[in-house]
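**Student:** Sharing target.cif, mmCIF, C-alpha atoms:
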```cif
data_target
#
loop_
_atom_site.label_atom_id
_atom_site.label_comp_id
_atom_site.auth_asym_id
_atom_site.auth_seq_id
_atom_site.Cartn_x
_atom_site.Cartn_y
_atom_site.Cartn_z
CA MET S 1393 -26.34 -7.48 6.53
CA HIS S 1394 -23.72 -8.88 4.16
CA VAL S 1395 -20.07 -8.95 5.24
CA VAL S 1396 -17.10 -10.01 3.11
CA ILE S 1397 -14.16 -11.26 5.16
CA LEU S 1398 -10.75 -11.53 3.55
CA GLY S 1399 -8.57 -14.21 5.14
CA GLY S 1400 -9.86 -17.42 6.70
CA SER S 1401 -7.35 -17.67 9.54
CA GLU S 1402 -8.42 -17.81 13.17
CA ILE S 1403 -9.38 -14.13 13.19
CA GLY S 1404 -11.33 -14.26 9.91
CA SER S 1405 -13.19 -17.47 10.69
CA GLY S 1406 -13.81 -16.38 14.29
CA ILE S 1407 -15.53 -13.21 13.12
CA ALA S 1408 -17.37 -15.23 10.44
CA ASN S 1409 -18.71 -17.58 13.10
CA TRP S 1410 -19.89 -14.69 15.27
CA LEU S 1411 -21.68 -13.00 12.34
CA ILE S 1412 -23.41 -16.23 11.29
CA ASP S 1413 -24.68 -16.69 14.86
CA ALA S 1414 -26.14 -13.20 14.60
CA ASN S 1415 -27.94 -14.22 11.36
CA HIS S 1416 -25.83 -12.13 9.00
CA GLU S 1417 -24.83 -13.19 5.53
CA ILE S 1418 -21.09 -13.63 5.04
CA ALA S 1419 -18.47 -14.74 2.53
CA VAL S 1420 -14.90 -15.65 3.46
CA VAL S 1421 -12.30 -15.09 0.73
CA GLU S 1422 -9.34 -17.43 1.28
CA LYS S 1423 -6.59 -18.47 -1.11
CA ASN S 1424 -5.71 -21.79 0.57
CA GLU S 1425 -7.94 -24.62 -0.66
CA GLY S 1426 -7.53 -26.80 2.45
CA ARG S 1427 -8.52 -23.92 4.69
CA CYS S 1428 -11.57 -23.24 2.50
CA ARG S 1429 -12.69 -26.84 2.99
CA GLU S 1430 -12.25 -26.56 6.77
CA ILE S 1431 -14.24 -23.33 6.88
CA ASP S 1432 -17.07 -24.81 4.78
CA LYS S 1433 -17.17 -27.89 7.00
CA VAL S 1434 -17.61 -25.78 10.14
CA LEU S 1435 -19.60 -22.80 8.90
CA GLY S 1436 -21.48 -24.11 5.83
CA SER S 1437 -20.66 -23.09 2.26
CA VAL S 1438 -19.34 -19.61 2.89
CA SER S 1439 -15.83 -19.71 1.46
CA VAL S 1440 -14.72 -18.28 -1.86
CA LYS S 1441 -11.36 -19.69 -2.91
CA GLY S 1442 -9.02 -17.18 -4.50
CA ASN S 1443 -6.95 -14.08 -4.38
CA GLY S 1444 -8.52 -11.27 -2.33
CA THR S 1445 -7.14 -8.54 -4.57
CA ASP S 1446 -8.69 -10.06 -7.70
CA VAL S 1447 -11.83 -8.13 -8.66
CA LYS S 1448 -13.49 -11.25 -10.13
CA ILE S 1449 -13.02 -13.19 -6.88
CA LEU S 1450 -14.29 -10.28 -4.78
CA SER S 1451 -17.25 -9.96 -7.12
CA SER S 1452 -18.20 -13.61 -6.66
CA ALA S 1453 -18.04 -13.07 -2.88
CA GLY S 1454 -20.77 -10.43 -3.32
CA THR S 1455 -18.55 -7.45 -2.46
CA ASN S 1456 -20.78 -5.18 -4.60
CA ARG S 1457 -23.64 -5.60 -2.11
CA ALA S 1458 -21.50 -5.84 1.06
CA ASP S 1459 -22.22 -3.54 4.01
CA PHE S 1460 -18.82 -4.26 5.54
CA PHE S 1461 -15.51 -5.41 4.12
CA LEU S 1462 -12.98 -6.82 6.59
CA ALA S 1463 -9.34 -7.57 5.65
CA THR S 1464 -7.52 -9.86 8.10
CA THR S 1465 -4.55 -11.33 6.20
CA HIS S 1466 -0.95 -11.23 7.41
CA SER S 1467 0.01 -9.01 4.47
CA ASP S 1468 -0.56 -5.28 4.87
CA ALA S 1469 -0.19 -4.85 1.09
CA VAL S 1470 -3.05 -7.33 0.50
CA ASN S 1471 -5.20 -5.77 3.24
CA ILE S 1472 -4.83 -2.20 2.01
CA VAL S 1473 -5.28 -2.97 -1.70
CA ALA S 1474 -8.29 -5.22 -1.03
CA CYS S 1475 -9.96 -2.54 1.12
CA GLN S 1476 -9.29 0.11 -1.50
CA ILE S 1477 -10.83 -2.12 -4.21
CA ALA S 1478 -13.84 -2.74 -1.93
CA LYS S 1479 -14.27 0.95 -1.26
CA HIS S 1480 -13.46 2.53 -4.61
CA HIS S 1481 -14.48 -0.16 -7.10
CA PHE S 1482 -17.40 -1.81 -5.31
CA GLY S 1483 -18.51 1.17 -3.19
CA VAL S 1484 -18.50 -0.65 0.16
CA GLU S 1485 -19.39 1.89 2.88
CA GLN S 1486 -17.44 0.41 5.78
CA THR S 1487 -13.97 -1.08 5.46
CA ILE S 1488 -12.03 -2.57 8.35
CA ALA S 1489 -8.39 -3.66 8.09
CA ILE S 1490 -5.75 -5.18 10.29
CA ALA S 1491 -2.41 -3.35 10.07
CA ASN S 1492 0.25 -5.95 10.82
CA HIS S 1493 2.98 -3.32 10.99
CA HIS S 1494 2.51 -0.30 13.24
CA GLN S 1495 4.06 1.90 10.52
CA ASN S 1496 1.15 1.12 8.20
CA ALA S 1497 -1.62 1.89 10.69
CA VAL S 1498 -1.07 5.61 10.12
CA LEU S 1499 -1.10 5.11 6.34
CA PHE S 1500 -4.33 3.06 6.49
CA ASP S 1501 -5.94 5.91 8.46
CA LEU S 1502 -4.75 8.45 5.88
CA LEU S 1503 -6.05 6.34 3.02
CA GLY S 1504 -9.57 6.35 4.39
CA ILE S 1505 -9.90 2.83 5.80
CA ASP S 1506 -12.83 3.30 8.16
CA SER S 1507 -11.48 1.24 11.02
CA VAL S 1508 -7.85 0.25 11.44
CA ILE S 1509 -6.74 -2.39 13.93
CA ASP S 1510 -3.11 -1.90 14.84
CA ALA S 1511 -2.46 -5.60 15.60
CA ASN S 1512 0.80 -5.53 17.51
CA GLN S 1513 -0.02 -2.36 19.43
CA THR S 1514 -3.29 -3.97 20.52
CA ILE S 1515 -1.38 -6.99 21.82
CA ILE S 1516 1.18 -4.76 23.54
CA ARG S 1517 -1.62 -2.83 25.27
CA SER S 1518 -3.23 -6.07 26.47
CA ILE S 1519 0.08 -7.27 27.85
CA LYS S 1520 0.75 -3.95 29.55
CA SER S 1521 -2.61 -4.10 31.28
CA ASN S 1522 -1.46 -7.33 32.95
CA PHE S 1523 1.17 -5.46 34.90
CA SER S 1524 -1.51 -4.68 37.43
CA SER S 1525 0.90 -3.51 40.11
CA GLU S 1526 0.44 -0.17 38.44
CA ASN S 1527 -3.36 -0.52 38.58
CA LEU S 1528 -3.55 0.99 35.09
CA ASN S 1529 -5.74 -0.54 32.37
CA TYR S 1530 -5.62 0.27 28.67
CA LEU S 1531 -9.19 0.48 27.44
CA THR S 1532 -9.03 1.57 23.81
CA THR S 1533 -7.23 3.68 21.24
CA ILE S 1534 -8.68 7.01 20.11
CA PRO S 1535 -9.74 6.96 16.45
CA GLY S 1536 -7.85 9.63 14.57
CA ASN S 1537 -5.11 10.09 17.18
CA ARG S 1538 -2.81 7.14 17.60
CA GLN S 1539 -0.75 8.97 20.23
CA LYS S 1540 -3.62 8.88 22.70
CA GLY S 1541 -5.40 6.10 24.51
CA MET S 1542 -8.27 5.72 26.94
CA VAL S 1543 -7.07 4.33 30.26
CA SER S 1544 -8.52 3.60 33.64
CA ILE S 1545 -6.58 3.78 36.86
CA MET S 1546 -7.75 2.00 39.99
CA VAL S 1547 -7.58 3.72 43.37
CA SER S 1548 -6.14 1.29 45.88
CA PRO S 1549 -7.64 1.11 49.41
CA ASP S 1550 -4.45 2.46 51.00
CA SER S 1551 -4.21 5.44 48.64
CA ASN S 1552 -4.16 8.79 50.38
CA LEU S 1553 -6.66 9.99 47.78
CA VAL S 1554 -9.46 7.87 49.25
CA GLY S 1555 -12.16 10.13 50.68
CA GLN S 1556 -10.84 13.26 48.92
CA TYR S 1557 -12.99 15.35 46.61
CA LEU S 1558 -11.87 14.96 43.00
CA ASN S 1559 -11.93 18.78 42.77
CA ASN S 1560 -9.20 19.04 45.40
CA ILE S 1561 -6.85 16.69 43.59
CA LYS S 1562 -4.38 18.52 41.40
CA LEU S 1563 -4.62 16.72 38.07
CA PRO S 1564 -1.81 17.03 35.51
CA ARG S 1565 -2.28 19.75 32.90
CA ASP S 1566 -4.84 19.03 30.14
CA ILE S 1567 -6.11 15.90 31.84
CA ILE S 1568 -9.78 15.58 32.66
CA VAL S 1569 -11.63 12.72 34.31
CA PRO S 1570 -14.93 12.36 32.45
CA LEU S 1571 -16.02 9.14 34.15
CA ILE S 1572 -15.59 7.17 37.35
CA ILE S 1573 -16.57 3.50 37.60
CA SER S 1574 -17.15 2.33 41.14
CA ARG S 1575 -16.06 -1.05 42.51
CA GLU S 1576 -19.70 -2.21 42.31
CA GLY S 1577 -19.83 -1.30 38.61
CA GLY S 1578 -21.79 1.93 39.05
CA VAL S 1579 -20.94 4.64 36.53
CA LYS S 1580 -20.88 8.35 37.34
CA ILE S 1581 -19.86 11.60 35.73
CA PRO S 1582 -17.79 13.37 38.40
CA THR S 1583 -19.10 16.63 39.88
CA GLU S 1584 -17.60 18.92 42.54
CA LYS S 1585 -19.32 16.74 45.14
CA THR S 1586 -17.65 13.52 43.97
CA ARG S 1587 -15.38 11.85 46.51
CA ILE S 1588 -12.78 9.26 45.51
CA ARG S 1589 -13.49 5.85 46.97
CA ALA S 1590 -11.28 2.79 47.28
CA GLY S 1591 -11.60 0.61 44.19
CA ASP S 1592 -12.84 3.42 41.96
CA GLU S 1593 -11.72 3.22 38.34
CA ILE S 1594 -10.73 6.71 37.18
CA VAL S 1595 -11.17 6.97 33.40
CA SER S 1596 -9.20 9.41 31.25
CA VAL S 1597 -7.79 9.96 27.76
CA VAL S 1598 -4.02 10.45 27.81
CA THR S 1599 -0.81 10.37 25.80
CA VAL S 1600 2.00 8.09 26.96
CA LYS S 1601 3.65 11.07 28.69
CA GLN S 1602 0.44 12.11 30.40
CA GLU S 1603 -0.07 8.50 31.45
CA GLU S 1604 3.10 8.76 33.55
CA GLU S 1605 1.87 12.03 35.08
CA LEU S 1606 -1.49 10.44 35.86
CA LYS S 1607 0.26 7.51 37.53
CA ARG S 1608 2.37 9.92 39.60
CA THR S 1609 -0.77 11.77 40.66
CA PHE S 1610 -2.59 8.67 41.76
CA PHE S 1611 0.24 6.56 43.13
CA GLY S 1612 3.42 8.51 43.51
CA ARG S 1613 2.83 11.95 44.90
CA PRO S 1614 1.21 13.01 48.15
CA LEU S 1615 -1.78 15.31 48.05
CA GLU S 1616 -1.03 19.00 47.87
CA MET N 754 16.62 19.31 5.70
CA THR N 755 14.18 18.44 2.94
CA ASN N 756 15.35 19.78 -0.36
CA ARG N 757 12.98 18.92 -3.13
CA ASN N 758 14.71 21.38 -5.46
CA ASN N 759 17.11 18.55 -6.02
CA ARG N 760 16.07 16.49 -8.95
CA HIS N 761 16.02 13.20 -7.12
CA THR N 762 13.99 10.13 -8.06
CA VAL N 763 13.50 6.93 -6.08
CA ILE N 764 12.79 3.78 -8.09
CA MET N 765 11.58 0.57 -6.42
CA GLY N 766 12.51 -2.66 -8.20
CA CYS N 767 15.80 -2.98 -10.06
CA SER N 768 15.06 -4.39 -13.52
CA LYS N 769 16.38 -3.60 -17.00
CA LEU N 770 13.50 -1.14 -17.33
CA SER N 771 14.40 0.57 -14.03
CA VAL N 772 18.04 0.89 -15.04
CA ALA N 773 17.09 2.27 -18.47
CA ILE N 774 14.90 4.90 -16.77
CA ALA N 775 17.63 5.70 -14.24
CA LEU N 776 20.26 6.12 -16.98
CA SER N 777 17.99 8.54 -18.87
CA LEU N 778 17.35 10.52 -15.67
CA VAL N 779 21.03 10.88 -14.75
CA GLU N 780 21.72 12.25 -18.23
CA THR N 781 19.49 15.18 -17.27
CA SER N 782 21.68 15.61 -14.15
CA SER N 783 19.15 14.06 -11.81
CA THR N 784 20.13 11.68 -9.06
CA VAL N 785 18.44 8.31 -8.66
CA SER N 786 18.20 5.79 -5.82
CA ILE N 787 17.13 2.29 -6.79
CA ILE N 788 15.63 0.01 -4.13
CA ASP N 789 15.59 -3.76 -4.42
CA VAL N 790 15.45 -6.61 -1.91
CA ARG N 791 17.89 -8.68 -4.00
CA ARG N 792 21.49 -7.50 -3.88
CA GLU N 793 22.30 -9.28 -7.17
CA ALA N 794 19.66 -7.16 -8.93
CA PHE N 795 22.11 -4.22 -8.78
CA ASP N 796 24.48 -6.09 -11.15
CA LEU N 797 22.31 -4.56 -13.90
CA VAL N 798 23.54 -1.05 -13.04
CA PRO N 799 26.69 0.07 -14.96
CA PRO N 800 29.53 0.23 -12.37
CA ASN N 801 30.70 3.70 -13.47
CA LYS N 802 27.26 5.16 -12.66
CA LEU N 803 27.54 3.70 -9.18
CA SER N 804 31.04 5.07 -8.63
CA ASP N 805 30.11 8.65 -9.59
CA ASN N 806 27.16 8.51 -7.12
CA MET N 807 24.57 9.37 -9.74
CA ILE N 808 22.77 6.07 -9.10
CA THR N 809 22.65 4.81 -5.51
CA PRO N 810 21.63 1.21 -4.84
CA VAL N 811 19.64 0.61 -1.64
CA GLN N 812 19.05 -2.95 -0.60
CA GLY N 813 15.79 -3.39 1.30
CA ASP N 814 12.00 -3.49 1.27
CA GLY N 815 10.59 -0.39 -0.41
CA THR N 816 7.45 -0.50 1.73
CA GLN N 817 9.51 0.06 4.89
CA ASN N 818 10.10 3.63 6.06
CA GLU N 819 13.77 2.98 6.94
CA THR N 820 14.53 1.76 3.41
CA LEU N 821 12.77 4.73 1.84
CA LEU N 822 14.65 7.15 4.12
CA GLU N 823 17.94 5.51 3.17
CA ALA N 824 16.97 6.15 -0.46
CA SER N 825 16.54 9.87 0.40
CA ILE N 826 12.79 9.76 -0.17
CA GLU N 827 12.49 13.09 1.69
CA ASP N 828 14.42 14.82 -1.11
CA ALA N 829 12.65 13.03 -3.96
CA ARG N 830 10.41 14.78 -6.41
CA SER N 831 9.26 11.46 -7.88
CA PHE N 832 8.80 7.89 -6.75
CA VAL N 833 8.45 5.09 -9.29
CA ALA N 834 7.30 1.58 -8.27
CA LEU N 835 8.30 -0.99 -10.87
CA THR N 836 8.31 -4.38 -9.14
CA ASN N 837 6.28 -7.27 -10.54
CA SER N 838 3.87 -7.09 -7.63
CA ASP N 839 0.90 -4.77 -8.13
CA LEU N 840 0.25 -4.88 -4.40
CA TYR N 841 3.73 -3.81 -3.30
CA ASN N 842 3.78 -1.15 -6.00
CA ALA N 843 0.44 0.23 -4.80
CA LEU N 844 1.48 0.16 -1.14
CA ALA N 845 4.92 1.73 -1.71
CA ALA N 846 3.61 4.45 -4.04
CA GLN N 847 0.99 5.44 -1.44
CA ILE N 848 3.58 5.50 1.37
CA ALA N 849 5.80 7.74 -0.80
CA LYS N 850 2.95 10.09 -1.63
CA HIS N 851 0.99 10.22 1.62
CA ILE N 852 3.63 9.63 4.32
CA PHE N 853 6.64 11.33 2.69
CA GLY N 854 4.77 13.84 0.52
CA VAL N 855 6.55 12.98 -2.73
CA PRO N 856 4.73 15.07 -5.37
CA THR N 857 4.68 12.47 -8.14
CA ALA N 858 4.19 8.77 -7.43
CA VAL N 859 4.13 6.40 -10.40
CA SER N 860 3.20 2.74 -10.11
CA LYS N 861 3.26 -0.10 -12.61
CA PHE N 862 0.19 -2.35 -12.65
CA ASN N 863 -0.45 -5.65 -14.40
CA ASP N 864 -4.12 -5.60 -13.42
CA PRO N 865 -5.99 -2.91 -15.41
CA VAL N 866 -8.66 -2.63 -12.68
CA LEU N 867 -6.02 -1.68 -10.12
CA GLN N 868 -4.49 0.76 -12.58
CA LYS N 869 -7.86 2.47 -12.93
CA ILE N 870 -8.57 2.59 -9.17
CA TYR N 871 -5.18 4.02 -8.25
CA SER N 872 -5.19 6.52 -11.09
CA GLN N 873 -8.31 7.96 -9.45
CA LEU N 874 -6.52 8.04 -6.08
CA GLY N 875 -3.69 10.30 -7.15
CA ILE N 876 -1.16 7.67 -8.18
CA VAL N 877 0.05 7.72 -11.79
CA GLY N 878 -0.86 4.19 -12.88
CA ILE N 879 0.96 2.72 -15.86
CA SER N 880 0.63 -0.69 -17.48
CA ASN N 881 2.66 -2.73 -19.93
CA THR N 882 -0.55 -3.93 -21.49
CA ASP N 883 -1.61 -0.44 -22.48
CA PHE N 884 1.71 0.45 -24.07
CA ILE N 885 2.05 -2.78 -25.99
CA ARG N 886 -1.60 -2.63 -27.08
CA ASP N 887 -1.16 0.91 -28.37
CA MET N 888 2.06 0.02 -30.18
CA VAL N 889 0.49 -3.04 -31.81
CA LEU N 890 -2.65 -1.13 -32.78
CA ASN N 891 -0.49 1.63 -34.28
CA GLU N 892 1.12 -0.95 -36.53
CA VAL N 893 -1.98 -2.97 -37.34
CA ILE N 894 -4.54 -0.20 -37.90
CA GLU N 895 -3.81 1.96 -40.92
#
```
Can you turn what I pasted into structure tokens?

**Tutor:**
Amino acid sequence: MHVVILGGSEIGSGIANWLIDANHEIAVVEKNEGRCREIDKVLGSVSVKGNGTDVKILSSAGTNRADFFLATTHSDAVNIVACQIAKHHFGVEQTIAIANHHQNAVLFDLLGIDSVIDANQTIIRSIKSNFSSENLNYLTTIPGNRQKGMVSIMVSPDSNLVGQYLNNIKLPRDIIVPLIISREGGVKIPTEKTRIRAGDEIVSVVTVKQEEELKRTFFGRPLE
Amino acid sequence: MTNRNNRHTVIMGCSKLSVAIALSLVETSSTVSIIDVRREAFDLVPPNKLSDNMITPVQGDGTQNETLLEASIEDARSFVALTNSDLYNALAAQIAKHIFGVPTAVSKFNDPVLQKIYSQLGIVGISNTDFIRDMVLNEVIE
């Protein structure tokens, strides 16, 4: 597999390193000469010095035969234009871009970037998951709907839901629990016979509003 | 709220060219907002056109939603990106078209490859090179 990575910062070179370990062919397009030298010293001759929105530079990085194109710079304008050149000029099948501004994540989706990483929202989610007093973890975003996220909620040992059948718990409207992960790491699809146990991770897909309702169900409100 | 029956145009980048375009548009009783990050760029606009509200200067980044909203992008029938950066022009024109639904988005490109790509993606791509080439060829070739 050949992957062209735009931007040789920590993210770009980190992904480059991982792909090389997995025996893939890569090129890192980076405009800063010093950074190119550092990358080549650590990863072998993989850098292409130049502007990532210049077709000649992208061509010399082998973008025409790339399976993936990944744009990781701090400029959303560079990332979007480079991905669009990769897709529409070179015919790259899979484009991945970091959106540095949340506003642009929606645009990148609309413009057909195959995978959009909403950088700051990803960081915010990671930080939120540290507030573990709420026992709520943010697992991932839902492609195609930025309002929704996959979360898991842990049932604490002193919860009055422990031992109850999931069927008997009144879940908020439009919320389903497709998966429960037990404390031992076992995974099960809930049935009418499933009882909630202490330490279970209840997995669901929710909006921010539904997230609050889910929290109320599992922490705040007594069983009906 | 949105009233695209108004003949309103948003131009990004305040240069002599932008002002010339704006002045021609206001003569046809259109309104124009011009966006630029540099406040001093608006010195190019004739003061009387500012005072009669035909041309509205908006200081800010034309790739930011707030700036575009301040320039009444929701009422605009056309968006024209004329900065010297192909990348910002491409980004802003696509925001105008795809986020705010402006029917016509025009963008200036220095790189002919970008002009070609974006012309296929629904943006009206224009380039200095093409115009000057055509004008020269008109003179040189009998």

**Student:** Could you tell me which residues the PyMOL selection byres ((chain S and resi 1544-1555) around 8) grabs in this file, written as a ChimeraX atom specification?

**Tutor:** /S:1527-1531,1542-1543,1556-1557,1561,1587-1596,1607,1610-1611,1614-1615

**Student:** With the file shown as input, list the residues that the PyMOL selection byres ((chain N) within 7 of (chain S)) selects, as an MDAnalysis selection string.

**Tutor:** chainID N and resid 840:841 844 848 852 870

**Student:** Take atom CA of S:Asn1492 and atom CA of S:Gly1400 and report the distance between them in Å, one decimal.

**Tutor:**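 Answer for the atom CA of S:Asn1492 to atom CA of S:Gly1400 separation: 15.8 Å.
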
**Student:** Name every residue that the PyMOL selection byres ((chain N and resi 854) around 12) selects in this structure, writing the answer as a CSV table (one decimal) with C-alpha atoms, in the coordinates of the input with chains first and numbers rising.

**Tutor:**
```
chain,number,residue,atom,x,y,z
N,755,THR,CA,14.2,18.4,2.9
N,757,ARG,CA,13.0,18.9,-3.1
N,826,ILE,CA,12.8,9.8,-0.2
N,827,GLU,CA,12.5,13.1,1.7
N,828,ASP,CA,14.4,14.8,-1.1
N,829,ALA,CA,12.6,13.0,-4.0
N,830,ARG,CA,10.4,14.8,-6.4
N,831,SER,CA,9.3,11.5,-7.9
N,832,PHE,CA,8.8,7.9,-6.8
N,846,ALA,CA,3.6,4.4,-4.0
N,847,GLN,CA,1.0,5.4,-1.4
N,848,ILE,CA,3.6,5.5,1.4
N,849,ALA,CA,5.8,7.7,-0.8
N,850,LYS,CA,3.0,10.1,-1.6
N,851,HIS,CA,1.0,10.2,1.6
N,852,ILE,CA,3.6,9.6,4.3
N,853,PHE,CA,6.6,11.3,2.7
N,855,VAL,CA,6.6,13.0,-2.7
N,856,PRO,CA,4.7,15.1,-5.4
N,857,THR,CA,4.7,12.5,-8.1
N,858,ALA,CA,4.2,8.8,-7.4
N,875,GLY,CA,-3.7,10.3,-7.2
```

**Student:** What is the atom CA of N:Val859 to atom CA of N:Ile876 distance in Å?

**Tutor:**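 Atom-to-atom, atom CA of N:Val859 to atom CA of N:Ile876, that is 5.9 Å.
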